[in-house]
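Structure data (mmCIF, C-alpha atoms) from input-v5.cif:
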data_run
#
loop_
_atom_site.label_atom_id
_atom_site.label_comp_id
_atom_site.auth_asym_id
_atom_site.auth_seq_id
_atom_site.Cartn_x
_atom_site.Cartn_y
_atom_site.Cartn_z
CA MET H 1 11.42 -12.94 7.11
CA SER H 2 12.85 -11.75 10.42
CA SER H 3 15.18 -8.87 11.16
CA ASN H 4 17.16 -9.04 14.39
CA ASN H 5 17.42 -5.71 16.14
CA PRO H 6 18.86 -4.75 19.54
CA ILE H 7 16.14 -2.43 20.88
CA SER H 8 13.34 -4.15 22.77
CA ASN H 9 12.90 -1.83 25.75
CA PHE H 10 11.07 1.49 25.59
CA GLN H 11 13.87 2.98 27.71
CA ASP H 12 16.28 2.35 24.82
CA VAL H 13 14.42 4.95 22.73
CA PRO H 14 16.26 8.32 22.51
CA TRP H 15 15.07 10.78 25.18
CA LYS H 16 13.53 13.20 22.66
CA GLN H 17 11.34 10.45 21.28
CA ARG H 18 10.46 9.22 24.78
CA PHE H 19 9.52 12.76 25.76
CA TYR H 20 7.34 13.30 22.68
CA ARG H 21 5.64 9.93 23.03
CA SER H 22 5.12 10.47 26.75
CA MET H 23 3.57 13.88 26.15
CA LEU H 24 1.35 12.45 23.43
CA GLY H 25 0.40 9.63 25.80
CA TYR H 26 -0.54 12.15 28.48
CA GLY H 27 -2.65 14.01 25.94
CA ILE H 28 -4.47 10.84 24.94
CA HIS H 29 -5.03 9.87 28.58
CA PHE H 30 -6.30 13.23 29.79
CA SER H 31 -8.41 13.89 26.70
CA ARG H 32 -10.55 10.80 27.21
CA ARG H 33 -13.83 11.53 28.93
CA SER H 34 -15.73 9.04 31.07
CA ASP H 35 -18.62 9.01 28.57
CA GLY H 36 -16.35 7.66 25.81
CA THR H 37 -15.82 10.98 24.03
CA ILE H 38 -12.57 12.88 23.49
CA ASN H 39 -11.78 16.42 24.59
CA ARG H 40 -10.28 17.67 21.33
CA PHE H 41 -9.13 20.95 22.88
CA ILE H 42 -6.89 19.12 25.35
CA MET H 43 -5.68 16.65 22.74
CA ASN H 44 -4.71 19.41 20.32
CA LEU H 45 -2.46 20.94 22.99
CA PHE H 46 -0.30 17.82 22.73
CA ASP H 47 -0.83 16.90 19.06
CA LEU H 48 1.35 19.56 17.45
CA LYS H 49 0.90 20.24 13.73
CA ALA H 50 3.33 20.77 10.86
CA GLN H 51 2.61 23.28 8.11
CA PRO H 52 3.11 22.39 4.41
CA SER H 53 6.28 23.78 2.89
CA LYS H 54 6.98 24.78 -0.72
CA GLN H 55 10.63 25.07 0.25
CA PRO H 56 12.39 21.71 0.54
CA ILE H 57 12.76 20.37 4.08
CA ASP H 58 15.13 17.42 4.23
CA GLY H 59 14.77 17.03 0.47
CA VAL H 60 10.96 16.98 0.40
CA ILE H 61 8.35 19.57 -0.68
CA THR H 62 4.82 19.39 0.75
CA SER H 63 1.44 20.86 -0.12
CA ASP H 64 -2.19 20.30 0.92
CA THR H 65 -5.19 19.62 -1.32
CA VAL H 66 -8.77 19.82 -0.07
CA VAL H 67 -11.11 17.06 -1.25
CA ASP H 68 -14.19 17.94 0.84
CA ALA H 69 -14.06 20.91 3.23
CA THR H 70 -17.28 19.85 4.98
CA ARG H 71 -15.49 16.72 6.24
CA ASN H 72 -12.07 18.36 6.64
CA LEU H 73 -11.05 15.74 4.11
CA PHE H 74 -7.72 16.66 2.55
CA PHE H 75 -4.41 15.11 1.71
CA ARG H 76 -0.82 16.21 2.11
CA LEU H 77 1.38 15.64 -0.93
CA PHE H 78 5.05 14.80 -0.32
CA LEU H 79 7.23 15.29 -3.38
CA PRO H 80 10.97 14.56 -3.56
CA SER H 81 12.92 17.69 -4.48
CA PHE H 82 15.98 15.72 -5.54
CA GLU H 83 16.73 13.52 -8.54
CA GLN H 84 13.14 13.46 -9.71
CA ASN H 85 12.55 11.05 -12.56
CA THR H 86 9.62 10.81 -14.92
CA ASN H 87 8.23 7.61 -13.48
CA MET H 88 7.77 7.98 -9.71
CA PRO H 89 5.49 5.50 -7.93
CA LEU H 90 2.69 6.78 -5.70
CA ILE H 91 1.98 5.75 -2.12
CA VAL H 92 -1.44 6.65 -0.69
CA TYR H 93 -0.82 6.64 3.06
CA PHE H 94 -3.16 6.38 6.05
CA HIS H 95 -1.84 7.50 9.43
CA GLY H 96 -2.26 5.59 12.67
CA GLY H 97 -3.92 6.70 15.88
CA GLY H 98 -6.58 4.08 16.57
CA PHE H 99 -9.07 5.81 14.23
CA ALA H 100 -9.47 8.43 17.01
CA TYR H 101 -6.23 10.40 17.14
CA MET H 102 -3.65 12.20 14.99
CA SER H 103 -4.03 13.73 11.53
CA ALA H 104 -2.14 13.98 8.27
CA ASN H 105 -0.53 17.22 9.47
CA SER H 106 0.45 15.95 12.93
CA ILE H 107 4.21 16.36 13.34
CA ALA H 108 4.72 12.62 13.88
CA CYS H 109 2.76 11.71 10.73
CA ASP H 110 4.38 14.46 8.69
CA ASP H 111 7.86 13.32 9.74
CA LEU H 112 7.09 9.68 8.93
CA CYS H 113 5.77 10.43 5.44
CA ARG H 114 8.63 12.84 4.75
CA ASN H 115 11.11 10.12 5.68
CA LEU H 116 9.23 7.57 3.56
CA CYS H 117 9.27 9.94 0.59
CA LYS H 118 12.97 10.65 0.94
CA LYS H 119 14.04 7.04 1.43
CA THR H 120 11.87 5.45 -1.29
CA GLY H 121 11.82 8.25 -3.89
CA ALA H 122 8.05 7.79 -4.16
CA VAL H 123 5.41 10.51 -4.10
CA ILE H 124 3.34 10.24 -0.92
CA ILE H 125 -0.29 11.26 -0.47
CA SER H 126 -1.13 11.28 3.24
CA VAL H 127 -4.88 11.24 3.85
CA ASN H 128 -6.58 13.28 6.56
CA TYR H 129 -9.72 11.34 7.45
CA ARG H 130 -12.47 11.85 10.04
CA LEU H 131 -11.91 10.52 13.55
CA SER H 132 -13.95 8.49 16.02
CA PRO H 133 -15.89 8.65 18.27
CA GLU H 134 -17.41 11.68 16.55
CA HIS H 135 -17.42 9.70 13.31
CA LYS H 136 -17.69 5.95 13.68
CA TYR H 137 -17.27 3.14 11.15
CA PRO H 138 -17.43 3.34 8.16
CA SER H 139 -16.58 7.07 7.98
CA GLN H 140 -12.84 6.50 7.86
CA TYR H 141 -13.12 3.89 5.11
CA ASP H 142 -15.41 6.16 3.10
CA ASP H 143 -12.99 9.08 3.42
CA GLY H 144 -10.04 6.96 2.35
CA PHE H 145 -11.84 5.59 -0.67
CA ASP H 146 -13.13 9.05 -1.65
CA VAL H 147 -9.56 10.34 -1.75
CA LEU H 148 -8.58 7.41 -3.95
CA LYS H 149 -11.48 8.21 -6.30
CA PHE H 150 -10.45 11.88 -6.27
CA ILE H 151 -6.97 10.86 -7.42
CA ASP H 152 -8.48 8.64 -10.10
CA ASP H 153 -10.81 11.39 -11.34
CA ASN H 154 -8.15 14.12 -11.32
CA ALA H 155 -5.23 12.17 -12.67
CA ASN H 156 -4.40 14.65 -15.41
CA THR H 157 -4.90 17.90 -13.48
CA LYS H 158 -2.59 20.29 -11.65
CA ASN H 159 -3.32 18.44 -8.40
CA PHE H 160 -0.67 15.89 -9.29
CA PRO H 161 2.88 16.15 -10.61
CA SER H 162 3.12 15.05 -14.23
CA ASN H 163 5.94 12.62 -13.44
CA VAL H 164 3.89 10.46 -11.04
CA ASN H 165 3.02 7.04 -12.43
CA LEU H 166 -0.51 6.24 -11.27
CA LYS H 167 -0.17 2.75 -12.70
CA GLN H 168 2.34 2.11 -9.93
CA CYS H 169 0.17 2.94 -6.94
CA PHE H 170 0.60 1.51 -3.45
CA ILE H 171 -1.82 1.74 -0.52
CA ALA H 172 -0.06 1.92 2.83
CA GLY H 173 -0.69 2.67 6.47
CA ASP H 174 0.50 2.10 10.00
CA SER H 175 -1.53 0.73 12.91
CA ALA H 176 -5.16 1.85 12.34
CA GLY H 177 -3.93 3.17 9.00
CA GLY H 178 -2.87 -0.38 8.11
CA ASN H 179 -6.42 -1.52 8.83
CA LEU H 180 -7.70 1.33 6.66
CA ALA H 181 -5.28 0.39 3.88
CA HIS H 182 -6.72 -3.12 3.74
CA HIS H 183 -10.38 -2.10 3.69
CA VAL H 184 -9.87 0.75 1.22
CA THR H 185 -8.01 -1.66 -1.05
CA VAL H 186 -10.95 -4.09 -0.90
CA LYS H 187 -13.36 -1.27 -1.84
CA ALA H 188 -11.08 -0.19 -4.69
CA CYS H 189 -10.82 -3.73 -6.05
CA GLU H 190 -14.61 -4.02 -6.04
CA TYR H 191 -15.13 -0.59 -7.60
CA GLY H 192 -12.66 -0.68 -10.47
CA LEU H 193 -10.53 2.44 -10.88
CA ARG H 194 -9.87 3.87 -14.35
CA ASN H 195 -6.53 5.67 -14.08
CA VAL H 196 -5.07 4.33 -10.85
CA LYS H 197 -3.71 0.80 -10.71
CA LEU H 198 -3.09 -0.67 -7.27
CA ILE H 199 -0.08 -2.96 -7.35
CA GLY H 200 0.85 -3.20 -3.68
CA LEU H 201 -0.39 -2.87 -0.11
CA ILE H 202 1.94 -2.03 2.78
CA ALA H 203 0.45 -2.80 6.20
CA ILE H 204 2.78 -1.66 9.01
CA GLN H 205 1.76 -3.22 12.33
CA PRO H 206 -1.90 -3.09 11.24
CA PHE H 207 -4.60 -2.63 13.87
CA PHE H 208 -6.72 -5.80 13.83
CA GLY H 209 -8.34 -7.73 16.63
CA GLY H 210 -11.18 -9.91 17.85
CA GLU H 211 -13.09 -11.05 20.91
CA GLU H 212 -10.58 -13.82 21.61
CA ARG H 213 -7.60 -12.91 23.77
CA THR H 214 -4.49 -14.07 21.98
CA GLU H 215 -1.18 -15.13 23.49
CA SER H 216 0.52 -11.86 22.54
CA GLU H 217 -2.31 -9.82 24.10
CA ASN H 218 -2.08 -11.78 27.35
CA ARG H 219 1.70 -11.57 27.40
CA LEU H 220 1.85 -7.86 26.54
CA VAL H 221 -1.32 -6.64 28.21
CA ASP H 222 0.42 -3.50 29.52
CA ALA H 223 2.87 -2.98 26.66
CA PRO H 224 4.36 0.50 26.17
CA VAL H 225 2.67 2.81 23.68
CA LEU H 226 -0.34 0.49 23.18
CA SER H 227 -2.02 -1.56 25.92
CA VAL H 228 -4.81 -4.10 25.53
CA LYS H 229 -7.10 -1.89 27.60
CA GLY H 230 -6.31 0.92 25.18
CA THR H 231 -7.11 -1.17 22.10
CA ASP H 232 -10.44 -2.25 23.62
CA TRP H 233 -11.38 1.40 24.20
CA LEU H 234 -10.43 2.36 20.65
CA TRP H 235 -12.50 -0.44 19.11
CA LYS H 236 -15.49 0.57 21.23
CA THR H 237 -15.28 4.17 20.00
CA PHE H 238 -14.89 3.11 16.37
CA LEU H 239 -17.24 0.17 15.79
CA PRO H 240 -21.01 0.57 15.34
CA GLU H 241 -23.12 0.56 18.49
CA GLY H 242 -23.88 -2.97 19.59
CA SER H 243 -20.95 -4.51 17.71
CA ASP H 244 -18.21 -6.58 19.28
CA ARG H 245 -14.58 -7.01 18.20
CA ASP H 246 -15.49 -9.83 15.82
CA HIS H 247 -17.01 -7.21 13.52
CA PRO H 248 -15.38 -7.66 10.07
CA ALA H 249 -13.76 -4.22 10.31
CA CYS H 250 -11.75 -5.55 13.23
CA ASN H 251 -11.52 -9.31 12.68
CA VAL H 252 -10.94 -9.38 8.92
CA PHE H 253 -10.90 -13.15 8.47
CA GLY H 254 -13.20 -13.96 11.40
CA SER H 255 -16.53 -15.77 11.45
CA LYS H 256 -18.46 -12.57 10.69
CA SER H 257 -16.31 -11.55 7.74
CA VAL H 258 -18.31 -10.64 4.63
CA ASP H 259 -15.48 -9.86 2.21
CA ASP H 260 -14.17 -12.84 0.29
CA ILE H 261 -10.99 -11.49 -1.26
CA ARG H 262 -10.44 -14.74 -3.14
CA ARG H 263 -12.64 -13.31 -5.88
CA LEU H 264 -10.74 -10.01 -6.03
CA LYS H 265 -7.58 -9.06 -7.87
CA PHE H 266 -5.99 -8.13 -4.57
CA PRO H 267 -2.49 -6.62 -4.79
CA ALA H 268 0.68 -8.07 -3.33
CA THR H 269 0.85 -7.25 0.37
CA MET H 270 3.73 -6.56 2.74
CA VAL H 271 2.83 -7.11 6.42
CA VAL H 272 5.19 -5.67 9.04
CA VAL H 273 4.96 -7.05 12.59
CA GLY H 274 6.80 -6.52 15.88
CA GLY H 275 7.33 -9.16 18.55
CA VAL H 276 6.70 -6.72 21.43
CA ASP H 277 3.37 -5.58 20.02
CA PRO H 278 0.20 -6.93 21.68
CA LEU H 279 -1.39 -6.97 18.21
CA TYR H 280 1.30 -9.37 16.94
CA ASP H 281 -0.90 -12.49 16.80
CA TRP H 282 -3.72 -10.68 14.98
CA GLN H 283 -1.23 -9.33 12.45
CA ILE H 284 0.16 -12.83 11.86
CA ARG H 285 -3.38 -14.12 11.35
CA TYR H 286 -3.95 -11.38 8.78
CA TYR H 287 -0.84 -12.46 6.86
CA GLU H 288 -1.89 -16.11 7.07
CA GLY H 289 -5.42 -15.21 5.95
CA LEU H 290 -4.07 -13.53 2.84
CA LYS H 291 -2.00 -16.60 2.03
CA LYS H 292 -4.98 -18.92 2.55
CA CYS H 293 -6.94 -16.79 0.08
CA GLY H 294 -4.21 -17.40 -2.49
CA LYS H 295 -2.84 -13.85 -2.37
CA GLU H 296 0.78 -12.79 -2.69
CA ALA H 297 1.92 -11.77 0.79
CA TYR H 298 5.26 -11.09 2.46
CA LEU H 299 5.92 -11.04 6.21
CA ILE H 300 8.55 -8.70 7.64
CA GLU H 301 9.12 -9.46 11.29
CA TYR H 302 11.13 -7.50 13.86
CA PRO H 303 11.16 -9.77 16.94
CA ASN H 304 12.06 -7.02 19.42
CA ALA H 305 9.99 -4.14 18.02
CA PHE H 306 7.23 -2.46 20.04
CA HIS H 307 4.14 -0.89 18.49
CA SER H 308 4.86 2.21 16.37
CA PHE H 309 8.65 1.82 16.45
CA TYR H 310 8.71 3.36 12.96
CA GLY H 311 7.79 6.76 14.42
CA ALA H 312 11.27 7.18 15.87
CA PRO H 313 13.67 8.02 12.99
CA GLU H 314 16.61 8.02 15.41
CA LEU H 315 16.08 4.27 15.81
CA LYS H 316 18.06 3.52 12.69
CA GLU H 317 18.20 -0.17 13.57
CA TYR H 318 14.44 -0.21 13.10
CA SER H 319 13.18 2.66 10.98
CA GLY H 320 16.14 2.51 8.59
CA LEU H 321 15.66 -1.20 7.97
CA LEU H 322 11.92 -0.73 7.57
CA MET H 323 12.39 1.98 4.95
CA GLU H 324 14.78 -0.29 3.07
CA GLU H 325 12.22 -3.11 3.20
CA VAL H 326 9.51 -0.82 1.84
CA LYS H 327 11.85 0.44 -0.89
CA ASP H 328 12.74 -3.14 -1.87
CA PHE H 329 9.08 -4.17 -1.92
CA ILE H 330 8.22 -1.26 -4.21
CA GLY H 331 11.18 -1.97 -6.45
CA LYS H 332 10.20 -5.63 -6.76
CA LEU H 333 6.70 -4.73 -7.99
CA ILE H 334 7.49 -1.89 -10.40
CA LYS H 335 10.10 -3.75 -12.41
#

As a first step, turn the structure in this file into structure tokens.
Amino acid sequence: MSSNNPISNFQDVPWKQRFYRSMLGYGIHFSRRSDGTINRFIMNLFDLKAQPSKQPIDGVITSDTVVDATRNLFFRLFLPSFEQNTNMPLIVYFHGGGFAYMSANSIACDDLCRNLCKKTGAVIISVNYRLSPEHKYPSQYDDGFDVLKFIDDNANTKNFPSNVNLKQCFIAGDSAGGNLAHHVTVKACEYGLRNVKLIGLIAIQPFFGGEERTESENRLVDAPVLSVKGTDWLWKTFLPEGSDRDHPACNVFGSKSVDDIRRLKFPATMVVVGGVDPLYDWQIRYYEGLKKCGKEAYLIEYPNAFHSFYGAPELKEYSGLLMEEVKDFIGKLIK
């Protein structure tokens, strides 16, 4: 399914969003050290944080719950303050940032989940996981799965609103968070949760790749927001020492893949792609791989969208349509 939208140039983004993204880009650039590490002090000057709020902001209440303080593993709960029913679905969300940047309380991530909560009427749990290069693979996957187990183990406690339906649980994420969403879902399917039932996966421009250079990578090598050089650096900081981009964490259906999801009761999956994203071809291969494994998968394509377009709520032609697509996908599966 394709959605035609008029914005294909980064200059068409409202100036406030361009300014924020430019500042964040400067922070990412200047925080990278030559030895492959990140200067977190510099990065935090640009990565501004949002505090949780018990008072509704734009119709949404937020709170934080610590899962493991030693890992700074926590989640931010987004709860609609309007028209709450007794059967709200749950979305467990993983933020983007190439496994190395951002957090659940970054302003950009907080705004995105708040908007998702408001537009879909679902309860959102946004996971704060450890970052690379300080914590390489599989730390992020372990953190994501541990939060899912925490939800499963504490289903009937004060940590969760009583009107959340854990049998209508979705795993979602954008960019690196979309990659996380896939791998955490695989782990959950293998583990077998007691109280949480996963019925859908929402992968928004998921961060996948491989050693091969695809057509979209060659065509969009210096794309705005995310360049091919940038993705190579992020994979190097995330993957185990000595691994290449055909590692199964990166190239899900590649020759080194060890997870055969044909044997799993894998949930229906919505894959969102953008035509001006260098990762486009890898995202299409992910969708096609799901279909080849006999899984229910839906492709939502925005031909003119650049990577992370969804982070600009003023781009109603994009973010508004995306939120409607997510809402429709949820509605289709909870009927």

Decode the PyMOL selection byres ((chain H and resi 136) around 12) for the given file into explicit residues and return them as a PDB file with C-alpha atoms, in the coordinates of the input.
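Result went into part30.pdb, see below:
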ATOM      1  CA  THR H  37     -15.820  10.980  24.030  1.00  0.00           C
ATOM      2  CA  GLY H  98      -6.580   4.080  16.570  1.00  0.00           C
ATOM      3  CA  PHE H  99      -9.070   5.810  14.230  1.00  0.00           C
ATOM      4  CA  ALA H 100      -9.470   8.430  17.010  1.00  0.00           C
ATOM      5  CA  TYR H 129      -9.720  11.340   7.450  1.00  0.00           C
ATOM      6  CA  ARG H 130     -12.470  11.850  10.040  1.00  0.00           C
ATOM      7  CA  LEU H 131     -11.910  10.520  13.550  1.00  0.00           C
ATOM      8  CA  SER H 132     -13.950   8.490  16.020  1.00  0.00           C
ATOM      9  CA  PRO H 133     -15.890   8.650  18.270  1.00  0.00           C
ATOM     10  CA  GLU H 134     -17.410  11.680  16.550  1.00  0.00           C
ATOM     11  CA  HIS H 135     -17.420   9.700  13.310  1.00  0.00           C
ATOM     12  CA  TYR H 137     -17.270   3.140  11.150  1.00  0.00           C
ATOM     13  CA  PRO H 138     -17.430   3.340   8.160  1.00  0.00           C
ATOM     14  CA  SER H 139     -16.580   7.070   7.980  1.00  0.00           C
ATOM     15  CA  GLN H 140     -12.840   6.500   7.860  1.00  0.00           C
ATOM     16  CA  TYR H 141     -13.120   3.890   5.110  1.00  0.00           C
ATOM     17  CA  ASP H 142     -15.410   6.160   3.100  1.00  0.00           C
ATOM     18  CA  ASP H 143     -12.990   9.080   3.420  1.00  0.00           C
ATOM     19  CA  LEU H 234     -10.430   2.360  20.650  1.00  0.00           C
ATOM     20  CA  TRP H 235     -12.500  -0.440  19.110  1.00  0.00           C
ATOM     21  CA  LYS H 236     -15.490   0.570  21.230  1.00  0.00           C
ATOM     22  CA  THR H 237     -15.280   4.170  20.000  1.00  0.00           C
ATOM     23  CA  PHE H 238     -14.890   3.110  16.370  1.00  0.00           C
ATOM     24  CA  LEU H 239     -17.240   0.170  15.790  1.00  0.00           C
ATOM     25  CA  PRO H 240     -21.010   0.570  15.340  1.00  0.00           C
ATOM     26  CA  GLU H 241     -23.120   0.560  18.490  1.00  0.00           C
ATOM     27  CA  SER H 243     -20.950  -4.510  17.710  1.00  0.00           C
ATOM     28  CA  ALA H 249     -13.760  -4.220  10.310  1.00  0.00           C
TER      29      ALA H 249
END

query: Quick one: distance from CA of Ser216 in chain H to CA of Leu279 in chain H in Å, one decimal?
result: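 The value is 6.8 Å.
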
For range 65-72 of chain H: contacts at 12 Å, only C-alpha atoms, fewer than 6 positions along chain excluded, given as a ChimeraX atom specification: /H:52,78,103-105,125-131,134-135,139-140,142-151,153-154,158-160

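Residues within 7 Å of range 262-276 of chain H, counting only C-alpha atoms and excluding same-chain residues fewer than 5 positions away, are Cys189, Leu198, Ile199, Gly200, Leu201, Ile202, Ala203, Ile204, Gln205, Gln283, Tyr287, Cys293, Gly294, Lys295, Glu296, Ala297, Tyr298, Leu299, Ile300, Glu301, Tyr302, Pro303, Asn304, Ala305, Phe306 and His307 of chain H.
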
- prompt: Using only C-alpha atoms, which of H:Thr120, H:Gly59, H:Asp64, H:Phe30 sits nearest Asp328 in chain H?
  reply: H:Thr120

field: Evaluate the PyMOL selection byres ((chain H and resi 207) around 6) and report residues as a PyMOL selection string
entry: chain H and resi 175-176+179+206+208

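What separates CA of Leu112 in chain H from CA of Tyr191 in chain H is a distance of 29.5 Å.
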
message: Need to verify the contact set: Arg213 in chain H, 10 Å, all atoms listed in the file, exclusion of same-chain residues closer than 6 positions in sequence. Can you return it as a PyMOL selection string?
response: chain H and resi 221+228+281-282

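When you apply the PyMOL selection byres ((chain H and resi 335) around 12) to this structure, what comes back is Asn87, Pro89, Gln168, Ile199, Asp328, Phe329, Ile330, Gly331, Lys332, Leu333 and Ile334 of chain H.
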
How about saving the chosen residues, C-alpha atoms kept, as a compact mmCIF listing (two decimals), in the coordinates of the input?
# COMPACT_ATOMS: atom_id res chain seq x y z
CA ASN H 87 8.23 7.61 -13.48
CA PRO H 89 5.49 5.50 -7.93
CA GLN H 168 2.34 2.11 -9.93
CA ILE H 199 -0.08 -2.96 -7.35
CA ASP H 328 12.74 -3.14 -1.87
CA PHE H 329 9.08 -4.17 -1.92
CA ILE H 330 8.22 -1.26 -4.21
CA GLY H 331 11.18 -1.97 -6.45
CA LYS H 332 10.20 -5.63 -6.76
CA LEU H 333 6.70 -4.73 -7.99
CA ILE H 334 7.49 -1.89 -10.40

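Across the structure, CA of Lys229 in chain H and CA of Cys250 in chain H are spaced 15.5 Å apart.
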
- prompt: Any idea what's packed within 12 Å of Ile57 in chain H, counting all atoms listed in the file, ignoring anything in its chain fewer than 4 positions away? Could you give it as a list of chain:residue names?
  reply: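 Contacts, with the query itself left out: H:Ala50, H:Gln51, H:Pro52, H:Ser53, H:Ile61, H:Thr62, H:Phe78, H:Leu79, H:Pro80, H:Ser81, H:Phe82, H:Asp110, H:Asp111, H:Arg114, H:Asn115, H:Cys117, H:Lys118.
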
query: Got a sec: who's within 10 Å of Asn44 in chain H, counting all atoms listed in the file, leaving out chain neighbours fewer than 4 positions off, as a list in words?
result: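 My list of contacting residues is Leu24, Gly27, Ile28, Ser31, Asn39, Arg40, Leu48, Lys49, Tyr101, Met102 and Ser106 of chain H.
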
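When all atoms listed in the file are used to compute distances to Gly289 in chain H, the closest of the residues H:Glu217, H:Leu193, H:Phe253, H:His182 turns out to be H:Phe253.
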
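When all atoms listed in the file are used to compute distances to His247 in chain H, the closest of the residues H:Phe170, H:Tyr280, H:Asp259, H:Gly121 turns out to be H:Asp259.
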